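Encoded as C-alpha cells, the structure appears first; notes follow it.
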Amino acid sequence: MYFFKGLIKCMKCGKNYRGNRERKKKVYICSGYANYGLSYCERHQIEEEELLDTIRRHLFAGDIDYSHYTEKDLANTVKSIEANGEEVTIFYKDGNKSIWSPNKLIY
C-alpha cells in the first residue's frame, strides 16, 4: 500500500507521482518520467519514510501526540504534496505546510 498515492503532484510536468519499490524501500517517482522518459520530465525520487518523518516533525512541533498514529493516520493528515525536484511542499489538512528538501527540513 502506498499511502501518498494520488497526493503528490510534479510541478515540472503536472503529472502525479506514483509508488514504486526500489531496494526494498517505498518510493515515489514522477509518472511523466516513468511513462515517457527523460524527454518528458526529470527523474526525482521521494522516499515514503522521509515523508512520514517530515509529518512526524510537523505534528511534534505542534505539540500533537502522534505516538498512537499508524503510518496511514500520518498520511491522512496530508491534503496534497507538490514536488519540483529540489524540494517537496506538504500541505496539511489543518492549513499548515512543511517544505522538505533532501537531507534537511526547510520549514
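Just so we're on the same page: first chain in the C-alpha cells is A, next is B, and so on; residues restart at 1 for each chain, and ligands are numbered from 1 in the order they show up.
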Stretch 40-75 of chain A: which residues are helix (DSSP H, G or I) by DSSP, as a PyMOL selection string? chain A and resi 48-61+71-75
Please produce a file of the residues just selected, as a compact mmCIF listing (two decimals), in the first residue's frame, where the atoms kept are all heavy atoms.
# COMPACT_ATOMS: atom_id res chain seq x y z
N GLU A 48 9.16 7.26 0.89
CA GLU A 48 7.99 7.36 1.74
C GLU A 48 8.38 7.63 3.19
O GLU A 48 7.74 8.43 3.87
CB GLU A 48 7.15 6.09 1.64
CG GLU A 48 5.84 6.21 2.41
CD GLU A 48 4.91 5.05 2.12
OE1 GLU A 48 4.15 5.14 1.14
OE2 GLU A 48 4.96 4.08 2.89
N GLU A 49 9.43 7.01 3.65
CA GLU A 49 9.84 7.20 5.05
C GLU A 49 10.24 8.65 5.32
O GLU A 49 10.01 9.15 6.42
CB GLU A 49 10.97 6.23 5.41
CG GLU A 49 11.24 6.14 6.90
CD GLU A 49 10.00 5.79 7.75
OE1 GLU A 49 9.22 4.91 7.34
OE2 GLU A 49 9.82 6.42 8.82
N GLU A 50 10.84 9.31 4.34
CA GLU A 50 11.19 10.72 4.52
C GLU A 50 9.94 11.59 4.65
O GLU A 50 9.91 12.52 5.44
CB GLU A 50 12.06 11.20 3.35
CG GLU A 50 13.44 10.58 3.37
CD GLU A 50 14.25 10.88 2.12
OE1 GLU A 50 13.65 11.19 1.07
OE2 GLU A 50 15.49 10.82 2.20
N LEU A 51 8.91 11.28 3.88
CA LEU A 51 7.64 12.00 4.01
C LEU A 51 7.04 11.77 5.40
O LEU A 51 6.60 12.72 6.05
CB LEU A 51 6.65 11.56 2.93
CG LEU A 51 6.97 11.96 1.50
CD1 LEU A 51 6.00 11.29 0.54
CD2 LEU A 51 6.93 13.47 1.34
N LEU A 52 7.03 10.52 5.84
CA LEU A 52 6.47 10.21 7.15
C LEU A 52 7.24 10.90 8.27
O LEU A 52 6.65 11.42 9.21
CB LEU A 52 6.44 8.69 7.37
CG LEU A 52 5.46 7.92 6.48
CD1 LEU A 52 5.72 6.43 6.57
CD2 LEU A 52 4.02 8.25 6.83
N ASP A 53 8.57 10.94 8.16
CA ASP A 53 9.39 11.63 9.17
C ASP A 53 9.09 13.13 9.21
O ASP A 53 9.02 13.73 10.28
CB ASP A 53 10.88 11.42 8.91
CG ASP A 53 11.35 10.03 9.30
OD1 ASP A 53 10.63 9.33 10.03
OD2 ASP A 53 12.45 9.64 8.85
N THR A 54 8.91 13.74 8.04
CA THR A 54 8.58 15.16 7.98
C THR A 54 7.23 15.42 8.63
O THR A 54 7.06 16.40 9.37
CB THR A 54 8.58 15.65 6.52
OG1 THR A 54 9.88 15.42 5.96
CG2 THR A 54 8.25 17.13 6.44
N ILE A 55 6.26 14.55 8.39
CA ILE A 55 4.94 14.69 9.00
C ILE A 55 5.04 14.54 10.51
O ILE A 55 4.42 15.30 11.27
CB ILE A 55 3.95 13.67 8.40
CG1 ILE A 55 3.73 14.00 6.92
CG2 ILE A 55 2.64 13.66 9.17
CD1 ILE A 55 3.06 12.89 6.14
N ARG A 56 5.82 13.59 10.98
CA ARG A 56 6.01 13.42 12.43
C ARG A 56 6.60 14.68 13.06
O ARG A 56 6.17 15.13 14.12
CB ARG A 56 6.92 12.23 12.71
CG ARG A 56 6.27 10.89 12.48
CD ARG A 56 7.24 9.74 12.82
NE ARG A 56 6.71 8.48 12.38
CZ ARG A 56 7.15 7.79 11.31
NH1 ARG A 56 8.16 8.26 10.59
NH2 ARG A 56 6.60 6.65 10.98
N ARG A 57 7.60 15.28 12.40
CA ARG A 57 8.20 16.51 12.91
C ARG A 57 7.19 17.65 12.94
O ARG A 57 7.16 18.44 13.88
CB ARG A 57 9.42 16.90 12.07
CG ARG A 57 10.64 16.05 12.35
CD ARG A 57 11.91 16.63 11.75
NE ARG A 57 11.88 16.72 10.32
CZ ARG A 57 12.29 15.76 9.48
NH1 ARG A 57 12.77 14.63 9.98
NH2 ARG A 57 12.23 15.91 8.19
N HIS A 58 6.34 17.72 11.93
CA HIS A 58 5.30 18.74 11.90
C HIS A 58 4.34 18.57 13.08
O HIS A 58 4.01 19.54 13.76
CB HIS A 58 4.52 18.65 10.58
CG HIS A 58 3.25 19.44 10.57
ND1 HIS A 58 3.23 20.81 10.48
CD2 HIS A 58 1.96 19.04 10.67
CE1 HIS A 58 1.98 21.23 10.51
NE2 HIS A 58 1.20 20.17 10.63
N LEU A 59 3.91 17.36 13.32
CA LEU A 59 2.99 17.10 14.43
C LEU A 59 3.65 17.37 15.77
O LEU A 59 3.05 17.96 16.67
CB LEU A 59 2.46 15.67 14.36
CG LEU A 59 1.59 15.33 13.15
CD1 LEU A 59 1.30 13.85 13.12
CD2 LEU A 59 0.32 16.15 13.16
N PHE A 60 4.92 16.96 15.91
CA PHE A 60 5.66 17.19 17.15
C PHE A 60 5.80 18.69 17.42
O PHE A 60 5.63 19.15 18.55
CB PHE A 60 7.04 16.54 17.06
CG PHE A 60 7.87 16.71 18.30
CD1 PHE A 60 7.59 15.98 19.44
CD2 PHE A 60 8.91 17.61 18.32
CE1 PHE A 60 8.34 16.14 20.60
CE2 PHE A 60 9.68 17.79 19.46
CZ PHE A 60 9.39 17.04 20.61
N ALA A 61 6.09 19.47 16.38
CA ALA A 61 6.23 20.92 16.54
C ALA A 61 4.92 21.56 16.99
O ALA A 61 4.93 22.60 17.66
CB ALA A 61 6.70 21.56 15.23
N GLU A 71 1.02 4.64 10.19
CA GLU A 71 1.51 5.33 9.01
C GLU A 71 0.35 5.86 8.18
O GLU A 71 0.40 6.95 7.62
CB GLU A 71 2.40 4.41 8.19
CG GLU A 71 3.71 4.11 8.88
CD GLU A 71 4.58 3.13 8.12
OE1 GLU A 71 4.05 2.36 7.27
OE2 GLU A 71 5.80 3.14 8.36
N LYS A 72 -0.74 5.11 8.12
CA LYS A 72 -1.93 5.56 7.39
C LYS A 72 -2.53 6.79 8.06
O LYS A 72 -2.94 7.73 7.38
CB LYS A 72 -2.96 4.43 7.33
CG LYS A 72 -4.16 4.77 6.49
CD LYS A 72 -5.11 3.59 6.37
CE LYS A 72 -6.30 3.96 5.51
NZ LYS A 72 -7.22 2.84 5.36
N ASP A 73 -2.57 6.82 9.39
CA ASP A 73 -3.06 8.00 10.12
C ASP A 73 -2.21 9.22 9.80
O ASP A 73 -2.73 10.33 9.61
CB ASP A 73 -3.05 7.78 11.63
CG ASP A 73 -4.04 6.73 12.10
OD1 ASP A 73 -5.07 6.52 11.42
OD2 ASP A 73 -3.76 6.10 13.13
N LEU A 74 -0.88 9.04 9.76
CA LEU A 74 0.01 10.15 9.44
C LEU A 74 -0.28 10.67 8.04
O LEU A 74 -0.39 11.87 7.82
CB LEU A 74 1.47 9.71 9.54
CG LEU A 74 2.00 9.40 10.94
CD1 LEU A 74 3.38 8.77 10.86
CD2 LEU A 74 2.04 10.66 11.80
N ALA A 75 -0.44 9.76 7.08
CA ALA A 75 -0.73 10.16 5.70
C ALA A 75 -2.07 10.86 5.59
O ALA A 75 -2.24 11.77 4.77
CB ALA A 75 -0.68 8.94 4.78
Any idea what's packed within 7 Å of A:Lys15, counting only C-alpha atoms, ignoring anything in its chain fewer than 6 positions away? Could you give it as a PyMOL selection string? chain A and resi 9+30-32
Write out the residues from the selection above, keeping all heavy atoms, as an mmCIF file, in the first residue's frame.
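Resulting contents of selection37.cif:
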data_model
loop_
_atom_site.group_PDB
_atom_site.id
_atom_site.type_symbol
_atom_site.label_atom_id
_atom_site.label_comp_id
_atom_site.auth_asym_id
_atom_site.auth_seq_id
_atom_site.Cartn_x
_atom_site.Cartn_y
_atom_site.Cartn_z
ATOM 1 N N LYS A 9 2.038 15.752 -6.601
ATOM 2 C CA LYS A 9 1.969 16.309 -7.953
ATOM 3 C C LYS A 9 3.325 16.867 -8.349
ATOM 4 O O LYS A 9 3.960 17.586 -7.584
ATOM 5 C CB LYS A 9 0.934 17.422 -7.997
ATOM 6 C CG LYS A 9 0.707 17.997 -9.361
ATOM 7 C CD LYS A 9 -0.771 18.173 -9.540
ATOM 8 C CE LYS A 9 -1.122 18.514 -10.935
ATOM 9 N NZ LYS A 9 -2.053 17.620 -11.497
ATOM 10 N N CYS A 30 7.939 10.514 -10.481
ATOM 11 C CA CYS A 30 7.025 11.198 -11.382
ATOM 12 C C CYS A 30 6.526 10.220 -12.446
ATOM 13 O O CYS A 30 7.323 9.560 -13.113
ATOM 14 C CB CYS A 30 7.731 12.389 -12.028
ATOM 15 S SG CYS A 30 6.744 13.197 -13.301
ATOM 16 N N SER A 31 5.214 10.131 -12.611
ATOM 17 C CA SER A 31 4.672 9.217 -13.614
ATOM 18 C C SER A 31 4.947 9.731 -15.031
ATOM 19 O O SER A 31 4.993 8.944 -15.975
ATOM 20 C CB SER A 31 3.179 8.976 -13.399
ATOM 21 O OG SER A 31 2.457 10.171 -13.532
ATOM 22 N N GLY A 32 5.139 11.036 -15.200
ATOM 23 C CA GLY A 32 5.524 11.569 -16.502
ATOM 24 C C GLY A 32 6.863 11.008 -16.928
ATOM 25 O O GLY A 32 7.039 10.554 -18.063
#
So that I can see what lies close to A:Glu86, please list as a ChimeraX atom specification the residues with an atom at most 9 Å from it, counting only C-alpha atoms and leaving out residues fewer than 3 positions away in the same chain. /A:44,83,100-102
For the strand (DSSP E) assignment from backbone DSSP, which residues of chain A qualify? Please present them as a VMD selection string. chain A and resid 8 to 10 17 to 22 25 to 30 45 to 47 78 to 83 88 to 92 97 to 101 104 to 105
Could you save those same residues with N, CA and C atoms as an mmCIF file, in the first residue's frame?
data_model
loop_
_atom_site.group_PDB
_atom_site.id
_atom_site.type_symbol
_atom_site.label_atom_id
_atom_site.label_comp_id
_atom_site.auth_asym_id
_atom_site.auth_seq_id
_atom_site.Cartn_x
_atom_site.Cartn_y
_atom_site.Cartn_z
ATOM 1 N N ILE A 8 0.760 13.346 -4.531
ATOM 2 C CA ILE A 8 1.996 14.041 -4.910
ATOM 3 C C ILE A 8 1.916 14.464 -6.368
ATOM 4 N N LYS A 9 2.038 15.752 -6.601
ATOM 5 C CA LYS A 9 1.969 16.309 -7.953
ATOM 6 C C LYS A 9 3.325 16.867 -8.349
ATOM 7 N N CYS A 10 3.760 16.552 -9.564
ATOM 8 C CA CYS A 10 5.009 17.079 -10.105
ATOM 9 C C CYS A 10 4.748 18.489 -10.625
ATOM 10 N N TYR A 17 2.884 11.729 -8.978
ATOM 11 C CA TYR A 17 3.914 10.751 -8.662
ATOM 12 C C TYR A 17 3.222 9.418 -8.404
ATOM 13 N N ARG A 18 3.941 8.332 -8.657
ATOM 14 C CA ARG A 18 3.374 7.015 -8.380
ATOM 15 C C ARG A 18 4.337 6.220 -7.506
ATOM 16 N N GLY A 19 3.754 5.280 -6.766
ATOM 17 C CA GLY A 19 4.546 4.455 -5.870
ATOM 18 C C GLY A 19 5.331 3.391 -6.617
ATOM 19 N N ASN A 20 6.480 3.058 -6.035
ATOM 20 C CA ASN A 20 7.361 2.058 -6.621
ATOM 21 C C ASN A 20 8.211 1.471 -5.494
ATOM 22 N N ARG A 21 8.706 0.285 -5.676
ATOM 23 C CA ARG A 21 9.637 -0.318 -4.708
ATOM 24 C C ARG A 21 11.024 -0.318 -5.315
ATOM 25 N N GLU A 22 11.978 0.221 -4.578
ATOM 26 C CA GLU A 22 13.369 0.207 -5.009
ATOM 27 C C GLU A 22 14.227 -0.168 -3.812
ATOM 28 N N LYS A 25 12.585 -0.375 -0.469
ATOM 29 C CA LYS A 25 12.026 0.862 0.080
ATOM 30 C C LYS A 25 10.872 1.317 -0.792
ATOM 31 N N LYS A 26 9.863 1.896 -0.140
ATOM 32 C CA LYS A 26 8.771 2.510 -0.886
ATOM 33 C C LYS A 26 9.218 3.906 -1.301
ATOM 34 N N VAL A 27 9.125 4.166 -2.599
ATOM 35 C CA VAL A 27 9.494 5.474 -3.130
ATOM 36 C C VAL A 27 8.402 5.935 -4.088
ATOM 37 N N TYR A 28 8.435 7.213 -4.385
ATOM 38 C CA TYR A 28 7.516 7.802 -5.348
ATOM 39 C C TYR A 28 8.348 8.476 -6.440
ATOM 40 N N ILE A 29 7.944 8.257 -7.696
ATOM 41 C CA ILE A 29 8.612 8.894 -8.827
ATOM 42 C C ILE A 29 7.540 9.509 -9.722
ATOM 43 N N CYS A 30 7.939 10.514 -10.481
ATOM 44 C CA CYS A 30 7.025 11.198 -11.382
ATOM 45 C C CYS A 30 6.526 10.220 -12.446
ATOM 46 N N GLN A 45 13.080 11.170 -7.067
ATOM 47 C CA GLN A 45 12.563 10.118 -6.194
ATOM 48 C C GLN A 45 12.328 10.683 -4.809
ATOM 49 N N ILE A 46 11.195 10.314 -4.221
ATOM 50 C CA ILE A 46 10.880 10.705 -2.852
ATOM 51 C C ILE A 46 10.644 9.422 -2.063
ATOM 52 N N GLU A 47 11.391 9.240 -0.990
ATOM 53 C CA GLU A 47 11.198 8.057 -0.156
ATOM 54 C C GLU A 47 10.009 8.278 0.776
ATOM 55 N N VAL A 78 -2.468 14.714 5.548
ATOM 56 C CA VAL A 78 -1.980 15.441 4.374
ATOM 57 C C VAL A 78 -3.116 15.708 3.393
ATOM 58 N N LYS A 79 -3.170 16.957 2.931
ATOM 59 C CA LYS A 79 -4.140 17.347 1.904
ATOM 60 C C LYS A 79 -3.561 17.115 0.510
ATOM 61 N N SER A 80 -2.329 17.589 0.289
ATOM 62 C CA SER A 80 -1.662 17.410 -1.002
ATOM 63 C C SER A 80 -0.166 17.640 -0.836
ATOM 64 N N ILE A 81 0.586 17.230 -1.852
ATOM 65 C CA ILE A 81 2.039 17.388 -1.847
ATOM 66 C C ILE A 81 2.461 17.867 -3.227
ATOM 67 N N GLU A 82 3.333 18.878 -3.246
ATOM 68 C CA GLU A 82 3.881 19.384 -4.505
ATOM 69 C C GLU A 82 5.382 19.122 -4.520
ATOM 70 N N ALA A 83 5.866 18.575 -5.628
ATOM 71 C CA ALA A 83 7.293 18.269 -5.762
ATOM 72 C C ALA A 83 7.832 18.949 -7.012
ATOM 73 N N VAL A 88 10.095 19.566 -1.682
ATOM 74 C CA VAL A 88 8.760 18.999 -1.593
ATOM 75 C C VAL A 88 7.977 19.824 -0.578
ATOM 76 N N THR A 89 6.789 20.270 -0.968
ATOM 77 C CA THR A 89 5.934 21.015 -0.049
ATOM 78 C C THR A 89 4.746 20.133 0.312
ATOM 79 N N ILE A 90 4.588 19.908 1.613
ATOM 80 C CA ILE A 90 3.480 19.101 2.116
ATOM 81 C C ILE A 90 2.437 20.056 2.681
ATOM 82 N N PHE A 91 1.225 19.999 2.140
ATOM 83 C CA PHE A 91 0.109 20.803 2.621
ATOM 84 C C PHE A 91 -0.763 19.911 3.499
ATOM 85 N N TYR A 92 -0.999 20.362 4.723
ATOM 86 C CA TYR A 92 -1.763 19.571 5.686
ATOM 87 C C TYR A 92 -3.221 19.991 5.710
ATOM 88 N N LYS A 97 1.802 23.917 6.434
ATOM 89 C CA LYS A 97 2.605 23.239 5.422
ATOM 90 C C LYS A 97 4.018 23.027 5.940
ATOM 91 N N SER A 98 4.704 22.067 5.336
ATOM 92 C CA SER A 98 6.117 21.806 5.572
ATOM 93 C C SER A 98 6.807 21.819 4.222
ATOM 94 N N ILE A 99 8.003 22.399 4.180
ATOM 95 C CA ILE A 99 8.804 22.349 2.967
ATOM 96 C C ILE A 99 10.024 21.504 3.279
ATOM 97 N N TRP A 100 10.199 20.459 2.495
ATOM 98 C CA TRP A 100 11.262 19.489 2.736
ATOM 99 C C TRP A 100 12.160 19.417 1.517
ATOM 100 N N SER A 101 13.441 19.280 1.750
ATOM 101 C CA SER A 101 14.423 19.084 0.692
ATOM 102 C C SER A 101 15.291 17.916 1.129
ATOM 103 N N LYS A 104 17.325 17.740 4.563
ATOM 104 C CA LYS A 104 17.056 18.819 5.514
ATOM 105 C C LYS A 104 15.601 19.256 5.429
ATOM 106 N N LEU A 105 15.082 19.680 6.550
ATOM 107 C CA LEU A 105 13.758 20.259 6.609
ATOM 108 C C LEU A 105 13.929 21.759 6.520
#
